[in-house]
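Data file: input.tsv. Format and content: TSV, C-alpha atoms.
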```tsv
chain	number	residue	atom	x	y	z
A	13	MET	CA	164.86	348.48	239.00
A	14	LEU	CA	163.34	345.05	239.73
A	15	ILE	CA	164.45	343.71	236.36
A	16	LEU	CA	168.03	344.36	237.27
A	17	VAL	CA	167.69	342.30	240.45
A	18	ASP	CA	166.41	339.39	238.35
A	19	LYS	CA	169.45	339.70	236.13
A	20	VAL	CA	171.79	339.68	239.11
A	21	PHE	CA	170.29	336.48	240.52
A	22	LYS	CA	170.30	334.83	237.09
A	23	ALA	CA	173.93	335.80	236.57
A	24	LEU	CA	174.91	334.44	239.98
A	25	ALA	CA	173.04	331.17	239.43
A	26	ASP	CA	175.84	329.70	237.32
A	27	PRO	CA	179.02	328.21	238.86
A	28	ASN	CA	181.18	329.27	235.91
A	29	ARG	CA	180.09	332.86	236.28
A	30	ARG	CA	180.73	332.75	240.02
A	31	GLU	CA	184.19	331.39	239.24
A	32	LEU	CA	184.83	334.36	236.96
A	33	LEU	CA	183.74	336.75	239.73
A	34	ASP	CA	186.04	334.96	242.20
A	35	ARG	CA	188.91	335.40	239.79
A	36	LEU	CA	188.22	339.09	239.45
A	37	TYR	CA	187.98	339.41	243.22
A	38	ALA	CA	191.45	337.83	243.48
A	39	ASN	CA	192.85	339.97	240.69
A	40	ASN	CA	190.77	342.90	239.54
A	41	GLY	CA	190.98	344.43	236.07
A	42	GLN	CA	191.78	341.45	233.83
A	43	THR	CA	191.56	341.08	230.07
A	44	LEU	CA	189.56	338.28	228.43
A	45	GLY	CA	192.81	336.45	227.67
A	46	GLU	CA	193.96	336.61	231.31
A	47	LEU	CA	190.58	335.40	232.54
A	48	CYS	CA	190.67	332.40	230.17
A	49	ARG	CA	193.99	331.17	231.52
A	50	ASN	CA	193.74	327.79	233.35
A	51	LEU	CA	189.99	327.64	232.92
A	52	ASP	CA	188.01	324.64	231.69
A	53	MET	CA	185.94	326.87	229.45
A	54	THR	CA	186.31	327.89	225.84
A	55	ARG	CA	187.05	331.52	225.07
A	56	GLN	CA	183.59	331.77	223.49
A	57	ALA	CA	181.93	330.49	226.66
A	58	VAL	CA	183.87	332.96	228.81
A	59	THR	CA	182.86	335.80	226.46
A	60	LYS	CA	179.21	334.78	226.79
A	61	HIS	CA	179.38	334.55	230.58
A	62	LEU	CA	181.13	337.92	230.82
A	63	ALA	CA	178.43	339.51	228.66
A	64	LEU	CA	175.73	338.25	231.06
A	65	LEU	CA	177.71	339.47	234.07
A	66	GLU	CA	178.05	342.86	232.41
A	67	VAL	CA	174.31	343.09	231.71
A	68	ALA	CA	173.68	342.35	235.39
A	69	ASN	CA	176.25	345.07	236.21
A	70	LEU	CA	178.31	342.62	238.25
A	71	VAL	CA	181.24	343.24	235.94
A	72	ALA	CA	182.26	346.71	234.80
A	73	THR	CA	184.56	347.13	231.82
A	74	ILE	CA	186.84	349.93	230.72
A	75	TRP	CA	189.18	350.30	227.79
A	76	ARG	CA	192.85	351.02	228.32
A	77	GLY	CA	194.31	351.51	224.88
A	78	ARG	CA	193.38	348.38	222.95
A	79	GLU	CA	192.74	346.29	226.05
A	80	LYS	CA	189.31	345.77	227.56
A	81	LEU	CA	189.69	345.33	231.31
A	82	HIS	CA	187.07	343.59	233.45
A	83	TYR	CA	186.36	344.68	237.02
A	84	LEU	CA	184.27	343.10	239.72
A	85	ASN	CA	181.48	345.56	240.45
A	86	PRO	CA	180.00	344.76	243.87
A	87	THR	CA	177.35	347.51	243.99
A	88	PRO	CA	174.39	345.30	242.85
A	89	ILE	CA	175.33	342.70	245.48
A	90	ASN	CA	175.47	345.44	248.08
A	91	GLU	CA	171.96	346.56	247.06
A	92	ILE	CA	170.67	342.99	247.52
A	93	TYR	CA	172.49	342.74	250.81
A	94	GLU	CA	170.99	345.99	252.08
A	95	ARG	CA	167.50	345.03	250.96
A	96	TRP	CA	167.29	341.53	252.43
A	97	ILE	CA	169.98	341.27	255.04
A	98	GLY	CA	171.59	344.52	256.11
A	99	LYS	CA	168.60	346.33	257.49
A	100	TYR	CA	167.25	343.37	259.47
A	101	GLU	CA	169.79	340.90	260.59
A	102	ARG	CA	173.29	342.25	260.26
A	103	HIS	CA	174.46	341.78	263.85
A	104	ARG	CA	172.80	338.46	264.57
A	105	LEU	CA	174.00	336.96	261.30
A	106	ARG	CA	177.54	338.06	261.97
A	107	ALA	CA	177.42	336.35	265.36
A	108	LEU	CA	176.01	333.17	263.82
A	109	SER	CA	178.59	333.00	261.06
A	110	GLU	CA	181.37	333.56	263.63
A	111	LEU	CA	179.93	330.69	265.66
A	112	LYS	CA	179.78	328.43	262.60
A	113	LYS	CA	183.35	329.30	261.66
A	114	CYS	CA	184.57	328.72	265.20
A	115	LEU	CA	182.87	325.33	265.57
A	116	GLU	CA	183.92	324.09	262.15
A	117	GLU	CA	187.54	325.08	262.73
A	118	ASN	CA	187.57	323.22	266.02
A	119	LYS	CA	186.10	320.12	264.41
A	120	ASP	CA	189.15	319.80	262.14
A	121	LYS	CA	191.57	319.76	265.05
B	24	MET	CA	199.57	352.44	230.88
B	25	ASP	CA	198.03	352.81	234.31
B	26	LYS	CA	195.53	350.17	235.36
B	27	PRO	CA	192.91	351.44	237.83
B	28	GLU	CA	192.52	349.36	240.97
B	29	PHE	CA	188.75	349.73	241.21
B	30	VAL	CA	185.95	350.52	238.85
B	31	TYR	CA	182.47	350.84	240.31
B	32	VAL	CA	179.36	351.29	238.22
B	33	VAL	CA	175.90	352.14	239.44
B	34	TYR	CA	172.76	352.97	237.43
B	35	ILE	CA	170.56	355.57	239.04
B	36	SER	CA	167.13	356.75	237.99
B	37	THR	CA	167.86	360.51	238.07
B	38	THR	CA	169.33	363.30	235.94
B	39	PRO	CA	173.04	364.09	235.43
B	40	GLU	CA	172.53	367.48	237.10
B	41	LYS	CA	170.96	366.00	240.24
B	42	LEU	CA	173.67	363.36	240.44
B	43	TRP	CA	176.42	365.95	240.01
B	44	ASN	CA	174.89	368.05	242.77
B	45	ALA	CA	174.72	364.98	245.02
B	46	LEU	CA	178.49	364.55	244.68
B	47	ILE	CA	179.48	368.14	245.47
B	48	ASP	CA	176.79	369.51	247.80
B	49	PRO	CA	177.75	369.09	251.49
B	50	GLU	CA	174.10	368.84	252.56
B	51	MET	CA	173.48	366.03	250.07
B	52	THR	CA	176.67	364.11	250.87
B	53	ALA	CA	175.82	364.42	254.56
B	54	LYS	CA	172.55	362.57	253.89
B	55	TYR	CA	173.91	359.50	252.09
B	56	TRP	CA	177.60	359.49	253.09
B	57	GLN	CA	177.33	360.97	256.58
B	58	HIS	CA	180.19	363.26	255.62
B	59	GLU	CA	180.29	366.67	254.02
B	60	ASN	CA	182.23	367.15	250.79
B	61	VAL	CA	183.34	370.77	250.89
B	62	SER	CA	185.03	372.74	248.10
B	63	ASP	CA	184.34	375.36	245.45
B	64	TRP	CA	185.05	372.49	242.99
B	65	LYS	CA	187.29	374.56	240.75
B	66	PRO	CA	190.36	372.89	239.22
B	67	GLY	CA	193.33	373.38	241.55
B	68	SER	CA	191.12	373.99	244.61
B	69	LYS	CA	191.26	371.91	247.74
B	70	TRP	CA	188.36	369.68	248.77
B	71	GLU	CA	187.60	368.31	252.23
B	72	HIS	CA	185.63	365.34	253.48
B	73	ARG	CA	184.39	366.14	256.99
B	74	GLY	CA	182.35	364.20	259.52
B	75	CYS	CA	178.89	365.55	260.33
B	76	ASP	CA	179.45	365.38	264.10
B	77	THR	CA	179.87	368.54	266.15
B	78	LYS	CA	183.66	368.36	265.80
B	79	ARG	CA	183.37	368.13	262.01
B	80	THR	CA	186.46	365.96	261.96
B	81	LEU	CA	188.52	366.19	258.80
B	82	LYS	CA	188.73	362.67	257.35
B	83	LEU	CA	190.01	363.12	253.80
B	84	VAL	CA	191.55	365.88	251.73
B	85	GLY	CA	192.60	366.35	248.15
B	86	LYS	CA	192.64	368.62	245.15
B	87	VAL	CA	190.20	369.11	242.33
B	88	ILE	CA	191.99	368.10	239.13
B	89	GLU	CA	189.16	368.37	236.64
B	90	SER	CA	185.61	369.61	236.98
B	91	SER	CA	183.23	369.47	234.01
B	92	PRO	CA	179.67	369.63	235.33
B	93	PRO	CA	177.57	367.57	235.03
B	94	ARG	CA	179.75	364.91	233.40
B	95	ARG	CA	183.19	364.47	234.87
B	96	LEU	CA	184.90	365.20	238.17
B	97	VAL	CA	188.46	364.15	238.97
B	98	ILE	CA	189.89	364.64	242.45
B	99	THR	CA	192.86	363.45	244.47
B	100	TRP	CA	192.14	361.63	247.70
B	101	ALA	CA	194.32	361.35	250.80
B	102	TYR	CA	194.36	361.22	254.58
B	103	PRO	CA	194.88	364.68	256.12
B	104	VAL	CA	198.35	363.65	257.44
B	105	ASP	CA	199.42	363.01	253.85
B	106	GLU	CA	198.11	366.29	252.51
B	107	ALA	CA	201.59	367.67	251.76
B	108	SER	CA	202.94	364.42	250.28
B	109	GLU	CA	201.22	364.37	246.94
B	110	GLU	CA	202.89	361.11	245.93
B	111	LYS	CA	200.67	359.44	248.53
B	112	HIS	CA	197.45	360.83	247.07
B	113	SER	CA	195.19	358.42	245.24
B	114	ARG	CA	192.83	359.58	242.49
B	115	VAL	CA	189.08	359.31	242.06
B	116	THR	CA	187.26	359.91	238.79
B	117	PHE	CA	183.48	360.29	238.65
B	118	GLU	CA	181.94	359.93	235.19
B	119	ILE	CA	178.26	360.63	234.66
B	120	GLU	CA	176.56	359.42	231.51
B	121	PRO	CA	172.83	359.51	230.71
B	122	ILE	CA	171.50	356.25	229.24
B	123	GLY	CA	167.83	356.48	228.35
B	124	ASP	CA	165.90	357.34	231.51
B	125	VAL	CA	168.73	356.50	233.87
B	126	VAL	CA	172.20	357.79	234.56
B	127	ARG	CA	175.29	355.63	234.70
B	128	LEU	CA	177.82	356.67	237.32
B	129	THR	CA	181.30	355.18	236.98
B	130	VAL	CA	183.69	355.70	239.87
B	131	THR	CA	187.31	354.82	239.16
B	132	HIS	CA	189.77	354.79	242.03
B	133	ASP	CA	193.45	354.45	241.19
B	134	HIS	CA	196.97	355.36	242.32
B	135	LEU	CA	196.34	353.42	245.53
B	136	GLU	CA	199.20	352.01	247.52
B	137	PRO	CA	199.04	348.16	247.56
B	138	GLY	CA	198.13	346.78	250.98
B	139	SER	CA	197.42	350.24	252.40
B	140	GLU	CA	194.79	351.08	254.98
B	141	MET	CA	193.21	353.37	252.41
B	142	LEU	CA	192.85	350.47	249.96
B	143	GLN	CA	191.05	348.36	252.56
B	144	GLY	CA	188.81	351.26	253.57
B	145	ILE	CA	187.65	352.16	250.10
B	146	THR	CA	187.01	348.53	249.13
B	147	LYS	CA	184.41	348.36	251.86
B	148	GLY	CA	183.30	351.94	251.52
B	149	TRP	CA	182.45	352.59	247.89
B	150	PRO	CA	179.74	349.93	247.40
B	151	LYS	CA	177.94	351.20	250.51
B	152	VAL	CA	178.26	354.86	249.56
B	153	LEU	CA	177.05	354.24	246.02
B	154	SER	CA	174.06	352.12	247.13
B	155	SER	CA	173.10	354.80	249.60
B	156	LEU	CA	173.45	357.53	246.97
B	157	LYS	CA	171.20	355.50	244.63
B	158	SER	CA	168.60	355.03	247.36
B	159	LEU	CA	168.57	358.72	248.22
B	160	LEU	CA	168.17	359.91	244.64
B	161	GLU	CA	165.53	357.31	243.76
B	162	THR	CA	163.46	357.18	246.92
B	163	GLY	CA	164.39	360.30	248.86
B	164	ARG	CA	165.79	358.14	251.65
B	165	PRO	CA	169.41	357.08	252.05
B	166	LEU	CA	170.42	353.71	253.52
B	167	PRO	CA	170.59	353.52	257.32
B	168	LYS	CA	173.83	354.77	258.90
B	169	LEU	CA	176.77	353.36	256.97
B	170	TRP	CA	179.65	353.64	259.40
```

Translate the structure of the given file into structure tokens.
Amino acid sequence: MLILVDKVFKALADPNRRELLDRLYANNGQTLGELCRNLDMTRQAVTKHLALLEVANLVATIWRGREKLHYLNPTPINEIYERWIGKYERHRLRALSELKKCLEENKDK
Amino acid sequence: MDKPEFVYVVYISTTPEKLWNALIDPEMTAKYWQHENVSDWKPGSKWEHRGCDTKRTLKLVGKVIESSPPRRLVITWAYPVDEASEEKHSRVTFEIEPIGDVVRLTVTHDHLEPGSEMLQGITKGWPKVLSSLKSLLETGRPLPKLW
């Protein structure tokens, strides 16, 4: 399944596609029309980006009547996480990111 | 029309029959989920999700709504305290579809209460469970302990 990993990284390499994933994270199960709202992208561009996200299995779609709903599918990201991060560094990384968060929050004050 | 809260898709290099068995066989679920799924898997029957520790703690319960091996399994899903209050049960649908040499598993979880503890739990849980299931079926080894 190496090819699929390539597709995931390629799909994530674009800021517009990451924006679409963020929007689905905030509100899962949206139609194309809903996703296009308040976006600086044409409907055609969004359609193209969604197709790439679907090929990478980062977005899952289902039909409800005549509506196609888009869902954030985090399983490929979890596989990447488990392969490169989870099994080695989980606890240390959590401590480091807590430290970073803590220090950066204090800096603002 | 009802909009499901979560739709998870995972492609696994296996057969529909093996994948079906991995969902309903307590020995298999113990390996990748660290819990046993126990039932006779007939429509109307109860199913239980129990820890593998010596106490075999009951963690989840529900009913089998639909069971069409090896393609489609629909169950309700609730904490044991809510067993009698069916309005609090959420619903999980497993759909298994062969695509070429691989099998596509779609897990849909709906009827969840907004902001509930269950909602938070499953959001973290499903991606881990499904990755571990994939690892077990493809390599014979599940992911290290999930919980």

Just give me the residues with any atom within 9 Å of (174.8, 364.0, 235.3), file coordinates, counting all atoms listed in the file, written as a PyMOL selection string. chain B and resi 37-44+92-95+118-121+126-128

Which residues are near Arg79 (chain B)? Cut-off 9 Å, only C-alpha atoms, ignore same chain within fewer than 6 positions. Put them as a PyMOL selection string. chain B and resi 58-59+73

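For Asn69 (chain A), the non-local neighbours within 7 Å, defined as residues at least 3 positions apart in the same chain or in other chains and counting only C-alpha atoms, are Leu65, Glu66, Ala72, Asn85 and Pro88 of chain A.
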
Name the residues in contact with Asp52 (chain A) at a cut-off of 12 Å, using all atoms listed in the file, excluding same-chain residues fewer than 4 positions from it; report them as a VMD selection string. chain A and resid 28 31 to 32 47 to 48 56 to 58

Taking all atoms listed in the file into account, produce a table as JSON lines in which each residue of chain A with an atom at most 7 Å from an atom of chain B appears once, together with its shortest atom pair and the distance in Å to one decimal, ordered by chain and rising number.
```
{"residue": "A:Asn40", "atom": "CA", "partner": "B:Glu28", "partner_atom": "CA", "distance": 6.8}
{"residue": "A:Ala72", "atom": "CA", "partner": "B:Val32", "partner_atom": "CA", "distance": 6.4}
{"residue": "A:Tyr83", "atom": "CA", "partner": "B:Val30", "partner_atom": "CA", "distance": 6.1}
{"residue": "A:Asn85", "atom": "CA", "partner": "B:Tyr31", "partner_atom": "CA", "distance": 5.4}
{"residue": "A:Pro86", "atom": "CA", "partner": "B:Pro150", "partner_atom": "CA", "distance": 6.3}
{"residue": "A:Thr87", "atom": "CA", "partner": "B:Pro150", "partner_atom": "CA", "distance": 4.8}
{"residue": "A:Asn90", "atom": "CA", "partner": "B:Pro150", "partner_atom": "CA", "distance": 6.2}
{"residue": "A:Glu91", "atom": "CA", "partner": "B:Ser154", "partner_atom": "CA", "distance": 5.9}
```

Can you list, as an NGL selection string, every protein, DNA or RNA residue that comes within 7 Å of Lys69 (chain B) when you count all atoms listed in the file, leaving out same-chain residues fewer than 4 positions away? :B and (62 or 85-87)

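Taking CA of Met51 (chain B) as the reference point, CA of Glu71 (chain B) is found at 14.5 Å.
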
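Relative to CA of Gly144 (chain B), CA of Arg95 (chain A) is found at 22.4 Å.
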
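The space separating CA of Thr116 (chain B) from CA of Ala45 (chain B) comes to 14.9 Å.
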
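Among the candidates B:Thr99, B:Cys75, B:Val125, B:His112, the one nearest to Leu160 (chain B) when counting all atoms listed in the file is B:Val125.
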
Neighbour list for Leu135 (chain B) as a PyMOL selection string, cut-off 10 Å, only C-alpha atoms, skip fewer than 4 positions in-chain: chain B and resi 27-29+100-101+111-115+139-142+145
